[in-house]
Every structure is written in structure tokens, then in C-alpha cells.
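Structure first, commentary second.
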Amino acid sequence: MNSVVTEAAHEIRAVLENAVVEDKAAGSFKVNRRAFVEQAILELERRAVFDRCWLYLGHASEVAKPTSFITRSVAGRALLMNRDRHGALHVFHNACSHRGALVSRERSGARRAFQCPYHGWVYDDRGVLFDVPGREAMAPGLIEDGSMNLKPVAHVAEHRGFVFVNFDPHARLSLKEYLAGAADVLDIVADQGGDGMEVVGGMQEYSLAANWKLLQENSADGYHAAVTHSTYFDYVHSRDGVRTDIDPVAARGRCYDLGNGHAYTTSHGTMPWGRPYGRWIPGWGEEAKAEIERIVAQTIERLGPERAALVTQADRNTLIFPNLVVNDLMAVTIRTFYPVRTDYTEVSAWALAPIGESASSRDRRLRNFVEFLGPAGFATPDDVEMLALCQQGYSNLDSVQWNDISRGMHTDQPIKTDEAQMRAFWRRWHELMLAKR
Ligand code: FES
Ligand SMILES: [Fe+2]
């Protein structure tokens with residue numbers, strides 16, 4: 001039995017060693033399709049990637065008020081994020097110190113204390129256990145010594161409202177160091193809100209019958225848009241009369257490696273959709289035009305012309321390793337996702353918007369959001385279908401083994417329709433999976 005296990009471990013190690021094959025001279029970058037189907041690889045990903053990286057939990061605006069809380073699953077762990085009565089943010093493992101029940105079954109709300117529904121232990125909003133039914137039967141000091149308090153997550157940090165957790169007690173990098181160049185891109189997104197940004201409405205949840213890594217690839221894949229989303233572009237063309245045959249070079253569509261597996265694609269001012277925060281389209285009418293010009297003028301005043309141009313005119317699809325997507329296009333979406341199985345992924349998504357924007361601007365934003373980015377919009381169902389087709393195609397991997405991710409390998413200035421952003425992801429994935437840190 002043991003020798004079978006060892007043999008399997010050796011085999012998977014051999015697969016992993018050669019899972020990503022890069023030949024710079026030949027301009028070739030290949031990923032072995034077994035990376036999307038092997039159970040042993042998924043199990044290693046849970047330990048080597050999800051247990052080690054900083055992972056997005058939620059947005060500070062979701063717990064804006066003292067005593068507000070949300071519960072959420074991150075990398076398979078039930079978590080509780082709350083703001084205590086003094087305004088401090090906490091993230092706990094949502095597990096009672098007594099026998100492990102979720103101390104909060106609610107998804108969100110406001111509470112000064114959390115009472116476990118099983119035997120009734122009560123924790124305050126800083127996780128301190130302060131009431132136990134029949135406490136006289138407990139050993140003296142057991143409650144008072146703090147050992148039974150709610151367990152905080154090993155590391156919690158926030159960047160411009162984006163709250164991340166890290167389950168690795170020995171995490172080597174602070175969130176800021178981990179985000180590397182991605183911090184600057186999140187700053188540009190957050191700069192839309194002079195008074196900050198907020199998550200609007202609830203969480204959208206959907207799933208795909210495909211490996212989680214396919215969604216990270218897809219979320220900044222400029223190459224697929226014209227083909228996969230042709231229905232959307234036809235619709236926008238017929239509705240707004242705008243050109244949809246965008247030349248990525250003319251659109252200053254570029255792609256940047258941001259370090260640590262993060263990357264983003266960006267283009268400037270020429271995409272066919274309107275940006276509620278700065279780019280008007282005829283379909284929105286004259287009144288909207290005046291309002292958007294006002295927004296742009298105010299942003300120039302607040303941030304200066306150069307920064308304001310970036311914030312209001314440029315689109316960006318941002319990949320933060322391993323599984324966070326922040327796309328700032330016709331609206332802003334935050335998206336994160338986790339593998340349930342090698343071929344099944346659960347996705348959570350939110351709309352992010354400037355605090356205090358006008359009702360009309362918010363309306364344009366949310367219409368844009370559901371129209372393209374939402375789970376029933378023009379984009380997401382198409383993408384979900386394409387990723388499922390990839391996964392189905394991997395049934396042939398004994399005969400057809402390699403994914404090609406070579407577009408733009410020949411240039412050090414990759415454009416938006418190249419695949420440099422995916423290569424950044426895969427290089428980091430490979431390092432972590434081989435434990436090269
Ligand atoms: S499991 Fe929570 S009080 Fe018993
Ligand atoms: Fe897409």
C-alpha cells in the first residue's frame with residue numbers, strides 16, 4: 001500500500017515539475033492540462049497556494065458601522081468579520097470554542113455579542129467569551145484565561161478598503177509587500193471615490209463546471225472578447241452606434257506583470273462601453289453627458305489631470321494572485337472563487353461604487369454591471385460556457401496534453417490581447433507548487 005502511495009506521490013511530483021514549460025528563445029509557454037484535472041494537484045493547491053497566500057475576504061464597507069458583521073467562507077473556512085462597538089475590524093474563525101458550531105449562522109447583521117446556537121456560549125464583539133450557561137460546572141479560570149475566546153484569523157490586513165486574510169502564521173510578506181504593483185492598481189480603482197468606495201447591494205453567487213484557474217485566466221483575457229462576447233458587441237453597436245472593432249494597439253491596450261503572480265491589462269479611452277465615472281456614450285443622452293463632464297472636472301481638481309485621466313478614462317482588468325479579480329470597466333466588479341472539485345468552482349462577485357455618487361450615475365453603473373458583468377449578463381454566461389468547454393476538452397489529455405499560452409512571448413511590451421498576464425499567474429503558481437517560495 002505504502003509503495004503505491006509513494007509511487008503516486010512521485011508521479012504527481014514529476015507531473016508538477018513539468019506542468020509549466022517555458023522556452024523563451026522559442027517563444028513558447030505551455031501548461032500541462034493535468035494541472036486542471038488531478039485531485040492530487042488540487043489538494044496540494046489547498047496547502048501550497050490557498051493556505052499561504054493573502055486571500056480577499058471582503059470590503060470594509062460591508063461592515064461600515066460599529067457592531068456590523070458578515071460571515072463568509074474563504075478557502076473552505078467559515079469566517080466571521082465584524083466591526084466592534086469602538087470601530088475596530090476583527091476576523092475570527094466562525095467556530096465555537098466549545099464544540100465547534102458556527103457562532104453566527106446569519107450572513108450579515110449588527111450584533112454586540114454572538115451567542116452560539118448550540119449550548120449558548122456568548123462572545124462579545126471582540127471575540128471574548130463572557131457568558132457560559134451553567135459556568136459553575138466549568139473548571140475555575142477556564143473561561144477567564146482567554147483560551148476559550150473566538151480564534152482570530154492568523155493575519156488580517158486592509159488596503160484601501162479591500163480586506164485580506166492570510167491563514168499562514170509564518171506568512172513572510174505583509175499584505176502591502178504581497179500586493180506589490182497590484183496595490184497601485186487597487187489605488188487607481190479606489191480613487192474613483194473621493195469619500196471612499198462601497199459594495200453595492202448583495203453578493204452574487206454562481207458556479208462553473210471548470211477548474212478555478214480557468215476563471216483567473218479568463219478574467220483578463222483580452223484575446224477572447226471579440227469572439228466569445230460577439231453578441232454583446234453587436235448589441236452595443238446597434239444600441240449606441242459605437243464602433244466595436246477596437247484595435248488593441250490603437251486603444252493603448254497593454255498588459256503588465258505586477259509581481260508575485262499579479263497582472264493587469266488596461267486600455268485607454270476607446271472601448272465601446274460607457275464608464276459611469278468618466279466616459280460618456282451617446283446612448284446615455286445629453287443630461288448624462290453634462291453630469292459625466294462634471295465628474296471628470298471634479299476628479300481633475302481632486303487628483304490632477306494625469307491621475308484623473310487614469311481614473312476616469314482607462315479600463316483595467318486586474319488579476320491578484322491567486323483568485324481575486326478586480327475589473328474596472330463599464331462598472332467595477334470584485335470577484336473571487338474557490339475550487340470545490342477540480343472541475344467545479346464557486347464564484348462570489350460584488351459591485352463596487354464610489355460612496356455618494358448621484359442616483360443617476362449609480363443607475364448607469366448598475367445597469368452596466370448587470371448587463372455585462374453580472375451572472376445573467378452578456379459576458380458571464382458566455383465565459384462560464386467556454387470554461388466548461390475547456391474542462392470537457394481536457395478529457396482528452398492523454399492524447400492532447402498542453403495548453404498554449406504563448407501569445408506575445410516575442411515582445412517585452414505585450415498588448416492586451418496577449419497572454420502575458422496568464423504567464424505571470426502560472427509562473428507564480430508553479431513556484432508555490434514546487435515550494436520554491
Ligand atoms: S458548540 Fe457552541 S456552545 Fe456548545
Ligand atoms: Fe469574457
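Each chain of the C-alpha cells is named A, B, ... in the order shown, its residues numbered from 1; ligands are numbered from 1 in display order.
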Taking only C-alpha atoms and all ligand atoms and a cut-off of 7 Å, can you tell me which residues surround ligand 1, written as a PDB file with C-alpha atoms, in the first residue's frame?
```
ATOM      1  CA  CYS A  96     -17.384  27.987  18.825  1.00  0.00           C
ATOM      2  CA  SER A  97     -14.608  27.166  21.278  1.00  0.00           C
ATOM      3  CA  HIS A  98     -16.919  24.664  22.978  1.00  0.00           C
ATOM      4  CA  ARG A  99     -17.730  22.085  20.333  1.00  0.00           C
ATOM      5  CA  GLY A 100     -17.186  23.950  17.113  1.00  0.00           C
ATOM      6  CA  ALA A 101     -20.611  25.097  15.936  1.00  0.00           C
ATOM      7  CA  VAL A 103     -21.370  31.025  16.314  1.00  0.00           C
ATOM      8  CA  CYS A 116     -23.607  30.128  19.865  1.00  0.00           C
ATOM      9  CA  PRO A 117     -26.884  28.461  18.904  1.00  0.00           C
ATOM     10  CA  TYR A 118     -25.859  25.043  20.290  1.00  0.00           C
ATOM     11  CA  HIS A 119     -25.251  25.401  24.058  1.00  0.00           C
ATOM     12  CA  GLY A 120     -25.478  29.152  24.288  1.00  0.00           C
ATOM     13  CA  TRP A 121     -21.922  30.377  24.919  1.00  0.00           C
TER      14      TRP A 121
END
```
Distance limit 12 Å, reference ligand 2, atoms considered: only C-alpha atoms and all ligand atoms. Which residues make the cut? Give them as a PDB file with N, CA and C atoms, in the first residue's frame.
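Output below, filename part-v9.pdb:
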```pdb
ATOM      1  N   LEU A 214      -8.996  28.359 -14.546  1.00  0.00           N
ATOM      2  CA  LEU A 214      -9.502  28.827 -15.840  1.00  0.00           C
ATOM      3  C   LEU A 214     -10.204  30.173 -15.703  1.00  0.00           C
ATOM      4  N   LEU A 215     -10.828  30.419 -14.564  1.00  0.00           N
ATOM      5  CA  LEU A 215     -11.517  31.699 -14.387  1.00  0.00           C
ATOM      6  C   LEU A 215     -10.518  32.827 -14.160  1.00  0.00           C
ATOM      7  N   GLN A 216      -9.429  32.531 -13.453  1.00  0.00           N
ATOM      8  CA  GLN A 216      -8.407  33.566 -13.270  1.00  0.00           C
ATOM      9  C   GLN A 216      -7.824  33.937 -14.640  1.00  0.00           C
ATOM     10  N   GLU A 217      -7.548  32.942 -15.454  1.00  0.00           N
ATOM     11  CA  GLU A 217      -7.043  33.223 -16.807  1.00  0.00           C
ATOM     12  C   GLU A 217      -8.043  34.073 -17.589  1.00  0.00           C
ATOM     13  N   ASN A 218      -9.296  33.658 -17.535  1.00  0.00           N
ATOM     14  CA  ASN A 218     -10.333  34.261 -18.368  1.00  0.00           C
ATOM     15  C   ASN A 218     -10.635  35.710 -17.992  1.00  0.00           C
ATOM     16  N   SER A 219     -10.440  36.043 -16.713  1.00  0.00           N
ATOM     17  CA  SER A 219     -10.910  37.341 -16.228  1.00  0.00           C
ATOM     18  C   SER A 219     -10.100  38.520 -16.751  1.00  0.00           C
ATOM     19  N   ALA A 220      -8.934  38.250 -17.344  1.00  0.00           N
ATOM     20  CA  ALA A 220      -8.198  39.333 -18.006  1.00  0.00           C
ATOM     21  C   ALA A 220      -7.701  38.823 -19.362  1.00  0.00           C
ATOM     22  N   ASP A 221      -8.564  38.097 -20.051  1.00  0.00           N
ATOM     23  CA  ASP A 221      -8.202  37.526 -21.350  1.00  0.00           C
ATOM     24  C   ASP A 221      -8.774  38.412 -22.456  1.00  0.00           C
ATOM     25  N   GLY A 222      -7.942  39.344 -22.934  1.00  0.00           N
ATOM     26  CA  GLY A 222      -8.418  40.267 -23.970  1.00  0.00           C
ATOM     27  C   GLY A 222      -8.590  39.604 -25.321  1.00  0.00           C
ATOM     28  N   TYR A 223      -7.995  38.446 -25.478  1.00  0.00           N
ATOM     29  CA  TYR A 223      -7.993  37.755 -26.766  1.00  0.00           C
ATOM     30  C   TYR A 223      -9.360  37.154 -27.085  1.00  0.00           C
ATOM     31  N   HIS A 224     -10.083  36.728 -26.058  1.00  0.00           N
ATOM     32  CA  HIS A 224     -11.339  36.007 -26.307  1.00  0.00           C
ATOM     33  C   HIS A 224     -12.530  36.930 -26.543  1.00  0.00           C
ATOM     34  N   ALA A 225     -12.391  38.213 -26.148  1.00  0.00           N
ATOM     35  CA  ALA A 225     -13.583  39.063 -26.045  1.00  0.00           C
ATOM     36  C   ALA A 225     -14.364  39.161 -27.360  1.00  0.00           C
ATOM     37  N   ALA A 226     -13.659  39.458 -28.444  1.00  0.00           N
ATOM     38  CA  ALA A 226     -14.368  39.704 -29.709  1.00  0.00           C
ATOM     39  C   ALA A 226     -15.124  38.458 -30.183  1.00  0.00           C
ATOM     40  N   VAL A 227     -14.586  37.288 -29.879  1.00  0.00           N
ATOM     41  CA  VAL A 227     -15.235  36.054 -30.349  1.00  0.00           C
ATOM     42  C   VAL A 227     -16.310  35.608 -29.358  1.00  0.00           C
ATOM     43  N   THR A 228     -15.896  35.382 -28.106  1.00  0.00           N
ATOM     44  CA  THR A 228     -16.844  34.863 -27.110  1.00  0.00           C
ATOM     45  C   THR A 228     -18.005  35.840 -26.878  1.00  0.00           C
ATOM     46  N   HIS A 229     -17.698  37.132 -26.847  1.00  0.00           N
ATOM     47  CA  HIS A 229     -18.723  38.120 -26.486  1.00  0.00           C
ATOM     48  C   HIS A 229     -19.231  38.907 -27.696  1.00  0.00           C
ATOM     49  N   SER A 230     -19.223  38.277 -28.866  1.00  0.00           N
ATOM     50  CA  SER A 230     -19.652  38.993 -30.079  1.00  0.00           C
ATOM     51  C   SER A 230     -21.095  39.479 -29.952  1.00  0.00           C
ATOM     52  N   THR A 231     -21.943  38.718 -29.247  1.00  0.00           N
ATOM     53  CA  THR A 231     -23.352  39.134 -29.090  1.00  0.00           C
ATOM     54  C   THR A 231     -23.419  40.477 -28.373  1.00  0.00           C
ATOM     55  N   TYR A 232     -22.590  40.621 -27.334  1.00  0.00           N
ATOM     56  CA  TYR A 232     -22.581  41.876 -26.586  1.00  0.00           C
ATOM     57  C   TYR A 232     -22.127  43.030 -27.472  1.00  0.00           C
ATOM     58  N   PHE A 233     -21.060  42.805 -28.220  1.00  0.00           N
ATOM     59  CA  PHE A 233     -20.544  43.895 -29.066  1.00  0.00           C
ATOM     60  C   PHE A 233     -21.558  44.253 -30.161  1.00  0.00           C
ATOM     61  N   ASN A 317      -8.431  45.388 -16.193  1.00  0.00           N
ATOM     62  CA  ASN A 317      -8.781  44.068 -15.653  1.00  0.00           C
ATOM     63  C   ASN A 317      -7.603  43.616 -14.811  1.00  0.00           C
ATOM     64  N   ASN A 327     -12.161  44.086 -11.795  1.00  0.00           N
ATOM     65  CA  ASN A 327     -12.281  44.621 -13.142  1.00  0.00           C
ATOM     66  C   ASN A 327     -13.014  45.953 -13.098  1.00  0.00           C
ATOM     67  N   PHE A 372     -23.356  43.399 -18.417  1.00  0.00           N
ATOM     68  CA  PHE A 372     -22.183  42.689 -18.918  1.00  0.00           C
ATOM     69  C   PHE A 372     -21.575  41.757 -17.869  1.00  0.00           C
ATOM     70  N   LEU A 373     -21.350  42.289 -16.666  1.00  0.00           N
ATOM     71  CA  LEU A 373     -20.552  41.553 -15.680  1.00  0.00           C
ATOM     72  C   LEU A 373     -21.369  40.588 -14.819  1.00  0.00           C
ATOM     73  N   GLY A 374     -22.652  40.888 -14.642  1.00  0.00           N
ATOM     74  CA  GLY A 374     -23.471  40.068 -13.745  1.00  0.00           C
ATOM     75  C   GLY A 374     -23.621  38.644 -14.250  1.00  0.00           C
ATOM     76  N   PRO A 375     -24.036  37.727 -13.352  1.00  0.00           N
ATOM     77  CA  PRO A 375     -24.119  36.314 -13.743  1.00  0.00           C
ATOM     78  C   PRO A 375     -25.116  36.039 -14.864  1.00  0.00           C
ATOM     79  N   GLY A 377     -25.613  38.461 -17.246  1.00  0.00           N
ATOM     80  CA  GLY A 377     -25.323  39.494 -18.238  1.00  0.00           C
ATOM     81  C   GLY A 377     -24.841  38.896 -19.551  1.00  0.00           C
ATOM     82  N   PHE A 378     -24.341  39.775 -20.407  1.00  0.00           N
ATOM     83  CA  PHE A 378     -23.884  39.305 -21.712  1.00  0.00           C
ATOM     84  C   PHE A 378     -22.575  38.533 -21.626  1.00  0.00           C
ATOM     85  N   ALA A 379     -21.752  38.816 -20.617  1.00  0.00           N
ATOM     86  CA  ALA A 379     -20.417  38.213 -20.597  1.00  0.00           C
ATOM     87  C   ALA A 379     -20.361  36.912 -19.811  1.00  0.00           C
ATOM     88  N   THR A 380     -20.845  36.961 -18.577  1.00  0.00           N
ATOM     89  CA  THR A 380     -20.554  35.855 -17.666  1.00  0.00           C
ATOM     90  C   THR A 380     -21.079  34.499 -18.154  1.00  0.00           C
ATOM     91  N   PRO A 381     -22.329  34.407 -18.620  1.00  0.00           N
ATOM     92  CA  PRO A 381     -22.780  33.089 -19.090  1.00  0.00           C
ATOM     93  C   PRO A 381     -21.931  32.565 -20.252  1.00  0.00           C
ATOM     94  N   ASP A 382     -21.496  33.486 -21.129  1.00  0.00           N
ATOM     95  CA  ASP A 382     -20.634  33.058 -22.240  1.00  0.00           C
ATOM     96  C   ASP A 382     -19.311  32.518 -21.713  1.00  0.00           C
ATOM     97  N   ASP A 383     -18.731  33.239 -20.752  1.00  0.00           N
ATOM     98  CA  ASP A 383     -17.445  32.811 -20.196  1.00  0.00           C
ATOM     99  C   ASP A 383     -17.574  31.463 -19.478  1.00  0.00           C
ATOM    100  N   VAL A 384     -18.636  31.353 -18.684  1.00  0.00           N
ATOM    101  CA  VAL A 384     -18.860  30.114 -17.928  1.00  0.00           C
ATOM    102  C   VAL A 384     -18.959  28.925 -18.896  1.00  0.00           C
ATOM    103  N   GLU A 385     -19.625  29.156 -20.015  1.00  0.00           N
ATOM    104  CA  GLU A 385     -19.772  28.100 -21.023  1.00  0.00           C
ATOM    105  C   GLU A 385     -18.408  27.739 -21.636  1.00  0.00           C
ATOM    106  N   MET A 386     -17.622  28.767 -21.961  1.00  0.00           N
ATOM    107  CA  MET A 386     -16.323  28.499 -22.596  1.00  0.00           C
ATOM    108  C   MET A 386     -15.393  27.728 -21.650  1.00  0.00           C
ATOM    109  N   LEU A 387     -15.432  28.090 -20.360  1.00  0.00           N
ATOM    110  CA  LEU A 387     -14.540  27.418 -19.407  1.00  0.00           C
ATOM    111  C   LEU A 387     -14.965  25.966 -19.213  1.00  0.00           C
TER     112      LEU A 387
END
```
Please identify all polymer residues within 6 Å of range 275-277 of chain A, counting only C-alpha atoms, omitting same-chain residues fewer than 5 positions from it, and present them as a compact mmCIF listing (two decimals) with N, CA and C atoms, in the first residue's frame.
```
# COMPACT_ATOMS: atom_id res chain seq x y z
N THR A 312 -10.58 58.08 -14.67
CA THR A 312 -11.87 58.25 -15.35
C THR A 312 -11.91 57.61 -16.75
N MET A 330 -17.00 48.96 -17.50
CA MET A 330 -18.27 49.69 -17.57
C MET A 330 -18.88 49.83 -16.17
N SER A 361 -26.09 58.43 -11.77
CA SER A 361 -24.81 57.81 -12.05
C SER A 361 -24.81 56.35 -11.54
N ARG A 365 -24.34 52.85 -13.62
CA ARG A 365 -23.34 51.88 -13.19
C ARG A 365 -23.96 50.49 -13.01
```
From range 195-289 of chain A, collect each residue whose DSSP state is alpha helix (DSSP H) and return the set as a JSON list (two decimals) with C-alpha atoms, in the first residue's frame.
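Here's the written file part-v1.json:
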```json
[["chain", "number", "residue", "atom", "x", "y", "z"],
["A", 212, "TRP", "CA", -10.76, 27.55, -10.75],
["A", 213, "LYS", "CA", -7.59, 28.54, -12.59],
["A", 214, "LEU", "CA", -9.50, 28.83, -15.84],
["A", 215, "LEU", "CA", -11.52, 31.70, -14.39],
["A", 216, "GLN", "CA", -8.41, 33.57, -13.27],
["A", 217, "GLU", "CA", -7.04, 33.22, -16.81],
["A", 218, "ASN", "CA", -10.33, 34.26, -18.37],
["A", 225, "ALA", "CA", -13.58, 39.06, -26.04],
["A", 226, "ALA", "CA", -14.37, 39.70, -29.71],
["A", 227, "VAL", "CA", -15.23, 36.05, -30.35],
["A", 228, "THR", "CA", -16.84, 34.86, -27.11],
["A", 230, "SER", "CA", -19.65, 38.99, -30.08],
["A", 231, "THR", "CA", -23.35, 39.13, -29.09],
["A", 232, "TYR", "CA", -22.58, 41.88, -26.59],
["A", 233, "PHE", "CA", -20.54, 43.89, -29.07],
["A", 234, "ASP", "CA", -23.30, 43.54, -31.72],
["A", 235, "TYR", "CA", -25.83, 44.72, -29.16],
["A", 236, "VAL", "CA", -23.75, 47.72, -28.08],
["A", 237, "HIS", "CA", -23.12, 48.62, -31.72],
["A", 238, "SER", "CA", -26.80, 48.51, -32.65],
["A", 239, "ARG", "CA", -27.91, 50.31, -29.47],
["A", 240, "ASP", "CA", -25.32, 53.05, -29.25],
["A", 285, "GLY", "CA", -28.26, 61.14, -23.54],
["A", 286, "GLU", "CA", -27.24, 64.78, -23.10],
["A", 287, "GLU", "CA", -28.09, 65.09, -19.43],
["A", 288, "ALA", "CA", -25.73, 62.25, -18.59],
["A", 289, "LYS", "CA", -23.07, 63.92, -20.72]]
```
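Non-sequential neighbours of range 321-325 of chain A (distance at most 6 Å, separation of 4 or more positions within a chain, only C-alpha atoms) are Gly261, His262, Ile334, Arg335 and Thr336 of chain A.
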Close residues, Leu310 in chain A itself excluded, 8 Å, only C-alpha atoms, min 4 positions apart in chain, as a ChimeraX atom specification
/A:188,268,306,314
Please identify all polymer residues within 9 Å of Tyr394 in chain A, counting only C-alpha atoms, omitting same-chain residues fewer than 4 positions from it, and present them as a PyMOL selection string.
chain A and resi 33-34+36-37+389-390+398+400-401
Strand (DSSP E or B) positions in range 143-230 of chain A, given as a ChimeraX atom specification
/A:152,155-159,162-166,197-208
Fewer than 2 positions away in the same chain doesn't count, so skip those; otherwise give me all residues within 10 Å of Tyr338 in chain A, counting only C-alpha atoms, as a compact mmCIF listing (two decimals) with N, CA and C atoms, in the first residue's frame.
```
# COMPACT_ATOMS: atom_id res chain seq x y z
N ARG A 46 -4.46 23.53 -2.23
CA ARG A 46 -5.07 23.99 -0.97
C ARG A 46 -3.99 24.32 0.05
N PHE A 50 -3.55 28.24 -1.31
CA PHE A 50 -4.61 28.90 -0.53
C PHE A 50 -4.26 29.04 0.95
N SER A 73 -17.27 32.35 3.62
CA SER A 73 -16.33 31.24 3.52
C SER A 73 -15.14 31.67 2.67
N VAL A 74 -13.94 31.45 3.18
CA VAL A 74 -12.72 31.78 2.42
C VAL A 74 -11.83 30.54 2.43
N ALA A 75 -11.51 30.06 1.26
CA ALA A 75 -10.69 28.84 1.12
C ALA A 75 -11.25 27.71 1.98
N GLY A 76 -12.56 27.57 1.98
CA GLY A 76 -13.20 26.47 2.68
C GLY A 76 -13.38 26.69 4.16
N SER A 207 -21.61 29.46 -10.25
CA SER A 207 -20.61 28.40 -10.26
C SER A 207 -20.22 28.08 -11.70
N ASN A 211 -12.27 24.11 -13.77
CA ASN A 211 -11.24 24.34 -12.77
C ASN A 211 -11.10 25.84 -12.45
N TRP A 212 -10.81 26.15 -11.20
CA TRP A 212 -10.76 27.55 -10.75
C TRP A 212 -9.75 28.39 -11.52
N LYS A 213 -8.65 27.76 -11.93
CA LYS A 213 -7.59 28.54 -12.59
C LYS A 213 -8.03 29.06 -13.96
N PRO A 322 -4.02 34.50 -5.68
CA PRO A 322 -4.33 33.53 -6.71
C PRO A 322 -5.73 33.67 -7.32
N ASN A 323 -6.65 34.34 -6.64
CA ASN A 323 -8.05 34.19 -7.07
C ASN A 323 -8.88 35.44 -6.84
N THR A 336 -14.20 36.72 -6.56
CA THR A 336 -13.27 35.74 -6.02
C THR A 336 -13.93 34.37 -6.10
N VAL A 340 -14.27 23.69 -5.53
CA VAL A 340 -14.98 22.68 -4.75
C VAL A 340 -14.44 21.31 -5.17
N ARG A 341 -14.31 21.14 -6.46
CA ARG A 341 -13.65 19.95 -7.03
C ARG A 341 -12.71 20.46 -8.12
N TYR A 344 -15.09 21.93 -10.63
CA TYR A 344 -16.25 22.70 -10.16
C TYR A 344 -15.79 23.82 -9.24
N THR A 345 -16.22 25.04 -9.56
CA THR A 345 -15.74 26.22 -8.86
C THR A 345 -16.92 27.09 -8.45
N GLU A 346 -16.87 27.60 -7.23
CA GLU A 346 -17.92 28.52 -6.77
C GLU A 346 -17.38 29.94 -6.78
N VAL A 347 -18.17 30.84 -7.34
CA VAL A 347 -17.75 32.22 -7.55
C VAL A 347 -18.60 33.16 -6.71
N SER A 348 -17.97 34.16 -6.12
CA SER A 348 -18.71 35.23 -5.44
C SER A 348 -18.29 36.54 -6.10
```
Hey, can you check how far CA of Ser358 in chain A sits from CA of Ala331 in chain A?
14.7 Å
Enter the distance from CA of Thr6 in chain A to CA of Arg428 in chain A, in Å, rounded to one decimal.
26.3 Å
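Computed from the coordinates, the CA of Glu158 in chain A to CA of Gly201 in chain A distance equals 21.0 Å.
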